[in-house]
$ cat work.cif   # mmCIF, C-alpha atoms and all ligand atoms
data_start
#
loop_
_atom_site.label_atom_id
_atom_site.label_comp_id
_atom_site.auth_asym_id
_atom_site.auth_seq_id
_atom_site.Cartn_x
_atom_site.Cartn_y
_atom_site.Cartn_z
CA MET A 1 119.87 54.27 202.90
CA LYS A 2 120.68 57.86 201.89
CA LYS A 3 122.33 56.56 198.76
CA GLY A 4 119.15 54.66 197.96
CA ILE A 5 117.03 57.83 198.28
CA ALA A 6 119.46 59.79 196.15
CA PHE A 7 119.29 57.13 193.47
CA PHE A 8 115.50 57.08 193.69
CA LEU A 9 115.36 60.88 193.26
CA PHE A 10 117.76 60.62 190.35
CA VAL A 11 115.50 58.06 188.66
CA ILE A 12 112.43 60.27 189.20
CA THR A 13 114.19 63.39 187.87
CA PHE A 14 115.48 61.45 184.90
CA SER A 15 112.02 60.07 184.03
CA ILE A 16 110.43 63.51 184.25
CA THR A 17 113.10 64.92 181.96
CA MET A 18 112.60 62.10 179.48
CA PHE A 19 108.85 62.60 179.56
CA ALA A 20 109.12 66.36 179.02
CA ASP A 21 111.39 65.65 176.08
CA SER A 22 108.56 64.03 174.18
CA ILE A 23 104.91 64.80 174.88
CA VAL A 24 103.17 66.16 177.99
CA GLU A 25 99.52 65.81 178.86
CA TYR A 26 97.77 68.96 180.02
CA LYS A 27 94.29 69.33 181.49
CA VAL A 28 92.56 72.52 180.27
CA LEU A 29 91.52 74.96 183.04
CA SER A 30 88.33 77.06 182.96
CA CYS A 31 90.26 80.28 182.29
CA ASP A 32 92.53 78.77 179.62
CA THR A 33 92.73 79.91 176.04
CA LEU A 34 94.78 78.22 173.36
CA SER A 35 97.19 81.14 173.22
CA LEU A 36 97.70 81.00 177.00
CA ILE A 37 98.42 77.29 176.85
CA ALA A 38 100.77 77.78 173.90
CA ARG A 39 102.61 80.49 175.82
CA LYS A 40 102.76 78.34 178.95
CA PHE A 41 104.50 75.52 177.05
CA ASP A 42 106.44 77.80 174.70
CA VAL A 43 105.06 76.21 171.53
CA TYR A 44 102.98 77.55 168.65
CA MET A 45 99.19 77.14 168.75
CA GLU A 46 99.49 75.29 165.43
CA THR A 47 101.57 72.61 167.15
CA ILE A 48 98.88 72.00 169.79
CA LEU A 49 95.95 72.11 167.36
CA ASP A 50 97.61 69.85 164.84
CA TYR A 51 98.86 67.28 167.31
CA ASN A 52 95.48 66.96 169.03
CA ASN A 53 93.66 66.69 165.71
CA ILE A 54 91.19 69.36 166.83
CA ASP A 55 88.70 70.12 164.05
CA ASP A 56 87.49 73.41 165.41
CA PRO A 57 90.00 75.66 167.21
CA ASN A 58 87.18 77.38 169.12
CA MET A 59 86.25 74.09 170.74
CA ILE A 60 88.59 73.66 173.68
CA TYR A 61 86.91 73.09 177.03
CA GLU A 62 87.65 72.84 180.73
CA GLY A 63 88.91 69.39 181.69
CA GLN A 64 89.95 68.50 178.12
CA ILE A 65 93.26 66.64 177.97
CA LEU A 66 95.64 68.15 175.45
CA LYS A 67 98.85 66.46 174.41
CA ILE A 68 101.66 68.95 173.93
CA PRO A 69 104.92 68.09 172.16
CA SER A 70 107.98 69.76 173.67
CA GLU A 71 109.17 70.87 170.25
CA ASP A 72 107.28 72.85 167.60
CA GLY A 73 106.28 70.79 164.62
CA VAL A 74 103.69 68.31 163.38
CA PHE A 75 103.35 64.57 163.09
CA TYR A 76 102.62 62.81 159.82
CA THR A 77 101.26 59.28 159.64
CA VAL A 78 102.85 57.40 156.75
CA LYS A 79 100.36 56.05 154.21
CA GLU A 80 100.61 53.03 151.90
CA GLY A 81 102.81 53.98 148.93
CA ASP A 82 104.45 57.02 150.58
CA THR A 83 108.18 57.49 150.08
CA ILE A 84 110.54 59.68 152.10
CA GLY A 85 111.02 61.82 149.00
CA TYR A 86 107.29 62.35 148.57
CA ILE A 87 106.80 63.26 152.25
CA ALA A 88 109.76 65.66 152.08
CA ASN A 89 108.13 67.39 149.07
CA MET A 90 104.80 67.52 150.86
CA PHE A 91 106.40 69.48 153.72
CA PHE A 92 108.60 71.55 151.36
CA THR A 93 111.75 70.22 153.01
CA THR A 94 114.77 68.09 152.13
CA ILE A 95 115.08 64.32 152.44
CA SER A 96 118.19 64.58 154.62
CA LEU A 97 116.55 66.95 157.11
CA LEU A 98 113.45 64.76 157.30
CA LEU A 99 115.59 61.65 157.87
CA GLY A 100 117.70 63.43 160.50
CA ALA A 101 114.67 64.65 162.44
CA ASN A 102 113.45 61.05 162.75
CA ASN A 103 116.78 59.30 163.41
CA LEU A 104 116.54 57.54 160.05
CA VAL A 105 119.25 56.89 157.46
CA PRO A 106 118.84 56.80 153.65
CA SER A 107 118.62 52.98 153.71
CA SER A 108 115.82 53.02 156.35
CA THR A 109 112.43 51.73 155.28
CA ILE A 110 109.19 53.43 156.28
CA TYR A 111 105.87 51.66 156.72
CA ALA A 112 102.19 52.61 156.62
CA GLY A 113 101.05 53.81 160.04
CA GLN A 114 104.51 55.00 161.10
CA GLU A 115 104.53 58.44 162.75
CA LEU A 116 107.13 60.90 161.49
CA PHE A 117 107.85 64.18 163.23
CA ILE A 118 108.43 67.25 161.09
CA PRO A 119 110.00 69.99 163.24
CA GLU A 120 108.73 73.47 162.54
CA GLU A 121 112.19 74.72 161.58
CA ILE A 122 112.55 72.28 158.69
CA MET A 123 109.02 72.86 157.27
CA TYR A 124 108.66 75.03 154.17
CA ILE A 125 112.35 75.76 153.79
CA LEU A 126 112.07 74.95 150.08
CA GLU A 127 109.76 76.93 147.85
CA TYR A 128 109.16 77.47 144.19
CA SER A 129 111.23 80.35 142.84
CA SER A 130 109.21 83.43 143.57
CA ALA A 131 111.19 86.46 142.49
CA ASN A 132 108.13 88.19 141.04
CA SER A 133 105.39 86.45 142.94
CA ALA A 134 103.73 87.85 146.01
CA PHE A 135 102.09 84.52 146.87
CA LYS A 136 103.54 81.06 147.50
CA TRP A 137 102.13 77.58 146.88
CA PRO A 138 99.92 76.52 149.77
CA LEU A 139 100.21 72.82 149.05
CA CYS A 140 102.25 70.29 147.10
CA GLY A 141 99.70 68.54 144.89
CA VAL A 142 98.11 68.20 141.47
CA ILE A 143 95.88 70.89 139.97
CA SER A 144 92.50 69.21 139.59
CA SER A 145 90.35 72.19 138.59
CA LYS A 146 91.29 75.67 137.43
CA TYR A 147 89.78 79.07 138.09
CA GLY A 148 86.91 80.12 135.82
CA TRP A 149 83.74 78.75 134.20
CA ARG A 150 83.29 75.00 134.48
CA ILE A 151 80.70 72.28 134.87
CA HIS A 152 80.34 71.89 138.62
CA PRO A 153 81.56 68.40 139.65
CA VAL A 154 78.72 67.96 142.16
CA THR A 155 75.71 69.85 140.76
CA GLY A 156 76.58 69.14 137.08
CA GLU A 157 75.63 72.74 136.25
CA LYS A 158 77.69 75.47 134.63
CA SER A 159 79.13 77.71 137.33
CA PHE A 160 82.07 79.97 137.98
CA HIS A 161 84.90 78.38 139.99
CA GLU A 162 86.31 81.13 142.20
CA GLY A 163 89.52 79.34 143.10
CA LEU A 164 92.11 76.74 142.18
CA ASP A 165 91.63 73.12 143.25
CA ILE A 166 94.79 71.28 144.23
CA ALA A 167 94.33 67.57 144.87
CA ALA A 168 96.49 65.82 147.48
CA PRO A 169 95.94 62.95 149.89
CA GLU A 170 93.91 63.62 153.03
CA GLY A 171 96.22 64.85 155.80
CA SER A 172 98.69 66.66 153.54
CA PRO A 173 99.79 69.93 155.16
CA VAL A 174 98.34 73.24 153.91
CA PHE A 175 100.53 76.33 154.27
CA SER A 176 99.76 80.03 154.29
CA SER A 177 100.49 81.51 150.88
CA LYS A 178 101.67 84.86 152.27
CA ASN A 179 102.10 86.50 155.65
CA GLY A 180 98.97 88.00 157.20
CA ILE A 181 96.31 87.70 159.90
CA VAL A 182 93.76 84.89 160.18
CA THR A 183 90.28 86.39 159.72
CA PHE A 184 88.26 83.16 159.61
CA ALA A 185 88.88 79.65 160.92
CA GLY A 186 85.93 77.29 161.08
CA GLU A 187 83.07 75.81 159.09
CA ASN A 188 81.75 77.83 156.14
CA GLY A 189 79.01 76.10 154.08
CA GLY A 190 80.27 74.53 150.85
CA TYR A 191 83.87 75.41 151.77
CA GLY A 192 83.68 72.99 154.72
CA PHE A 193 86.41 73.71 157.24
CA MET A 194 87.98 76.89 155.94
CA VAL A 195 90.75 79.33 156.85
CA GLU A 196 90.83 82.90 155.54
CA VAL A 197 93.91 85.10 155.86
CA ARG A 198 94.03 88.87 155.31
CA HIS A 199 97.18 90.18 153.63
CA SER A 200 98.43 93.66 152.78
CA ASN A 201 96.90 95.78 149.96
CA GLY A 202 93.37 94.40 150.30
CA PHE A 203 94.28 90.81 149.43
CA TYR A 204 92.78 87.77 151.16
CA THR A 205 93.37 84.05 150.66
CA ARG A 206 90.95 81.21 151.43
CA TYR A 207 91.73 77.55 152.05
CA GLY A 208 88.70 75.25 151.84
CA HIS A 209 87.68 71.60 152.47
CA LEU A 210 90.29 71.13 155.25
CA SER A 211 90.09 68.01 157.42
CA HIS A 212 91.16 70.12 160.35
CA ILE A 213 92.37 73.59 161.16
CA ASP A 214 95.57 74.53 162.98
CA VAL A 215 95.07 78.29 163.47
CA THR A 216 92.67 80.67 165.21
CA VAL A 217 91.12 84.01 164.25
CA GLY A 218 93.38 86.99 164.95
CA GLN A 219 96.55 84.95 164.74
CA MET A 220 99.46 86.25 162.66
CA VAL A 221 100.88 83.79 160.15
CA ASN A 222 103.90 83.80 157.88
CA ALA A 223 104.18 82.50 154.35
CA GLY A 224 104.76 78.79 154.98
CA SER A 225 103.00 78.61 158.38
CA ILE A 226 100.91 75.45 158.62
CA LEU A 227 97.18 76.32 158.52
CA GLY A 228 95.66 72.83 158.59
CA ARG A 229 95.40 69.60 156.67
CA VAL A 230 93.83 68.60 153.37
CA GLY A 231 90.40 67.00 153.62
CA GLU A 232 87.06 66.83 151.82
CA THR A 233 84.73 68.72 154.16
CA GLY A 234 81.94 70.80 152.60
CA VAL A 235 81.04 70.24 148.95
CA ALA A 236 83.88 68.11 147.60
CA THR A 237 84.21 64.92 145.57
CA GLY A 238 87.56 63.91 147.07
CA PRO A 239 90.39 65.27 149.21
CA HIS A 240 91.69 68.53 147.79
CA LEU A 241 92.37 72.15 148.68
CA HIS A 242 90.17 74.89 147.24
CA PHE A 243 92.52 77.88 147.18
CA GLU A 244 91.25 81.41 146.52
CA ILE A 245 93.03 84.71 146.17
CA ARG A 246 90.58 87.53 146.83
CA CYS A 247 91.17 91.21 146.18
CA ASN A 248 89.45 94.61 146.47
CA GLY A 249 88.95 94.13 150.18
CA ASN A 250 87.57 90.60 149.84
CA SER A 251 84.88 91.50 147.27
CA ALA A 252 86.32 89.77 144.19
CA THR A 253 88.49 86.79 143.28
CA LEU A 254 91.29 86.48 140.78
CA ASN A 255 93.05 83.58 139.07
CA PRO A 256 95.58 82.23 141.60
CA LEU A 257 97.81 80.94 138.77
CA GLU A 258 98.46 84.56 137.79
CA LYS A 259 99.91 85.27 141.24
CA LEU A 260 101.73 82.01 142.05
CA PRO A 261 105.28 81.28 140.90
CA SER A 262 105.99 78.64 138.25
CA ARG A 263 106.42 75.22 139.84
CA ALA A 264 109.48 74.30 137.79
CA VAL A 265 112.22 74.61 140.41
CA LEU A 266 112.25 74.27 144.18
CA VAL A 267 114.79 76.53 145.87
CA TYR A 268 115.92 77.17 149.42
CA SER A 269 114.02 80.01 150.99
CA GLU A 270 115.06 82.50 153.58
CA LYS A 271 112.46 81.40 156.09
CA TYR A 272 110.17 84.14 157.38
CA SER A 273 111.72 86.89 155.27
CA GLY A 274 109.34 89.82 155.16
CA SER A 275 107.63 88.66 158.34
CA MET A 276 104.95 90.88 159.80
CA ASN A 277 106.17 89.90 163.24
CA ALA A 278 109.30 92.00 162.91
CA GLY A 279 109.51 95.08 165.14
CA GLY A 280 109.63 96.11 168.77
CA GLU A 281 107.17 96.78 171.57
ZN ZN B 1 87.35 74.55 144.26
#
$ encode --input "work.cif" --output "structure tokens" --more "lines below"
Ligand SMILES: [Zn+2]
Amino acid sequence: MKKGIAFFLFVITFSITMFADSIVEYKVLSCDTLSLIARKFDVYMETILDYNNIDDPNMIYEGQILKIPSEDGVFYTVKEGDTIGYIANMFFTTISLLLGANNLVPSSTIYAGQELFIPEEIMYILEYSSANSAFKWPLCGVISSKYGWRIHPVTGEKSFHEGLDIAAPEGSPVFSSKNGIVTFAGENGGYGFMVEVRHSNGFYTRYGHLSHIDVTVGQMVNAGSILGRVGETGVATGPHLHFEIRCNGNSATLNPLEKLPSRAVLVYSEKYSGSMNAGGE
């Protein structure tokens, strides 16, 4: 009889451990904030926001059920035509690390709809050589419209394009270009869902048309922190990122291609070097 109880307790303990090893469900309390919940579960806010596909980080409410992975990172749903190599590039990581994180081997096949987990520590460990560049690429994609005068793709009128458009499939991860503090995260007219980050020396960056946002205002981010996912919210003709580098205390824009490194070679980066989070109490 006692043996039976002991075995029963063992089974219960084992199941709880297994459950906690993957994803826990949490019901939001009236006094909860995202940062409190993140602290409670020892994960980044980005992990919670991304996993729950929350469009607006200000919109969490009492009684809401949040799913919280036990490890920091994001999920990616494989699309038709994706390869492991392409997904690795998208997350600025290596094929072997991506395979390892998902218990796959080089001969494994992936299929549309499959969920891959990209742990935080393997994201953005590769970057384009940036010896003289203060900013890093926010997204792996194709430049679809440059900074400067152009015929607007929606209005058909001549207008000044204040940023760089980088096209990539909906759901591709968007990373912070430099360390800083999030000053805007939400809907902003033609930008759609937009994140703005303030950096040192009066520089700001903006990330527009996101499908959802993974950060909140006031949050510190590093170069390579995930900010959200590519979408086509606001005024857009297809999924892409509108990326702006602003200067003079946010009053003017400049050509991002003048500040970004050449995209010729991907190199290993020292993750979080030059982090603003360094320091003591
Ligand atoms: Zn644009």
$ atom_distance --input "work.cif" --atom1 "CA of Gly192 in chain A" --atom2 "CA of Ala38 in chain A"
26.1 Å
$ residues_near_ligand --input "work.cif" --ligand "ligand ZN 1 (chain B)" --cutoff "7 Å" --atoms "all atoms listed in the file" --output "ChimeraX atom specification"
/A:145,161-165,242-243
$ residues_near_point --input "work.cif" --point "(99.2, 70.1, 182.0)" --cutoff "9 Å" --atoms "all atoms listed in the file" --output "short mmCIF file (atom, residue, chain, number, x, y, z; two decimals) with C-alpha atoms, in the frame of the given file"
data_model
loop_
_atom_site.label_atom_id
_atom_site.label_comp_id
_atom_site.auth_asym_id
_atom_site.auth_seq_id
_atom_site.Cartn_x
_atom_site.Cartn_y
_atom_site.Cartn_z
CA VAL A 24 103.17 66.16 177.99
CA GLU A 25 99.52 65.81 178.86
CA TYR A 26 97.77 68.96 180.02
CA LYS A 27 94.29 69.33 181.49
CA VAL A 28 92.56 72.52 180.27
CA ILE A 37 98.42 77.29 176.85
CA ILE A 65 93.26 66.64 177.97
CA LEU A 66 95.64 68.15 175.45
CA LYS A 67 98.85 66.46 174.41
CA ILE A 68 101.66 68.95 173.93
#
$ residues_around --input "work.cif" --residues "Ala167 in chain A" --least-positions-apart "2" --cutoff "6 Å" --atoms "only C-alpha atoms" --output "list in words"
Gly141, Val142, Ser144 and His240 of chain A
$ closest_atom_pairs --input "work.cif" --of "range 59-99 of chain A" --to "range 122-137 of chain A" --cutoff "8 Å" --atoms "all atoms listed in the file" --output "JSON lines"
{"residue": "A:Phe91", "atom": "CA", "partner": "A:Met123", "partner_atom": "CA", "distance": 5.6}
{"residue": "A:Phe92", "atom": "CA", "partner": "A:Tyr124", "partner_atom": "CA", "distance": 4.5}
{"residue": "A:Thr93", "atom": "CA", "partner": "A:Leu126", "partner_atom": "CA", "distance": 5.6}
{"residue": "A:Thr94", "atom": "CA", "partner": "A:Leu126", "partner_atom": "CA", "distance": 7.7}
{"residue": "A:Leu97", "atom": "CA", "partner": "A:Ile122", "partner_atom": "CA", "distance": 6.8}
{"residue": "A:Leu98", "atom": "CA", "partner": "A:Ile122", "partner_atom": "CA", "distance": 7.7}
$ closest_residue --input "work.cif" --among "A:Val265, A:Val215, A:Leu29, A:Leu99" --to "Tyr44 in chain A" --atoms "all atoms listed in the file"
A:Val215
$ residues_around --input "work.cif" --residues "Gly190 in chain A" --least-positions-apart "6" --cutoff "12 Å" --atoms "all atoms listed in the file" --output "list in words"
Val154, Tyr207, Gly208, His209, Leu210, Glu232, Thr233, Gly234, Val235, Ala236, Thr237 and His242 of chain A
$ atom_distance --input "work.cif" --atom1 "CA of Ile110 in chain A" --atom2 "CA of Thr83 in chain A"
7.5 Å
$ atom_distance --input "work.cif" --atom1 "CA of Thr155 in chain A" --atom2 "CA of Glu187 in chain A"
20.6 Å
$ residues_around --input "work.cif" --residues "Arg206 in chain A" --least-positions-apart "4" --cutoff "9 Å" --atoms "only C-alpha atoms" --output "ChimeraX atom specification"
/A:163,184,194-197,242-246
$ residues_around --input "work.cif" --residues "range 202-204 of chain A" --least-positions-apart "3" --cutoff "10 Å" --atoms "all atoms listed in the file" --output "ChimeraX atom specification"
/A:177-178,180-183,196-199,244-253
$ residues_around --input "work.cif" --residues "Asn52 in chain A" --least-positions-apart "2" --cutoff "12 Å" --atoms "all atoms listed in the file" --output "PyMOL selection string"
chain A and resi 23-26+45-50+54-57+59-60+64-69+74-75+212-214+228
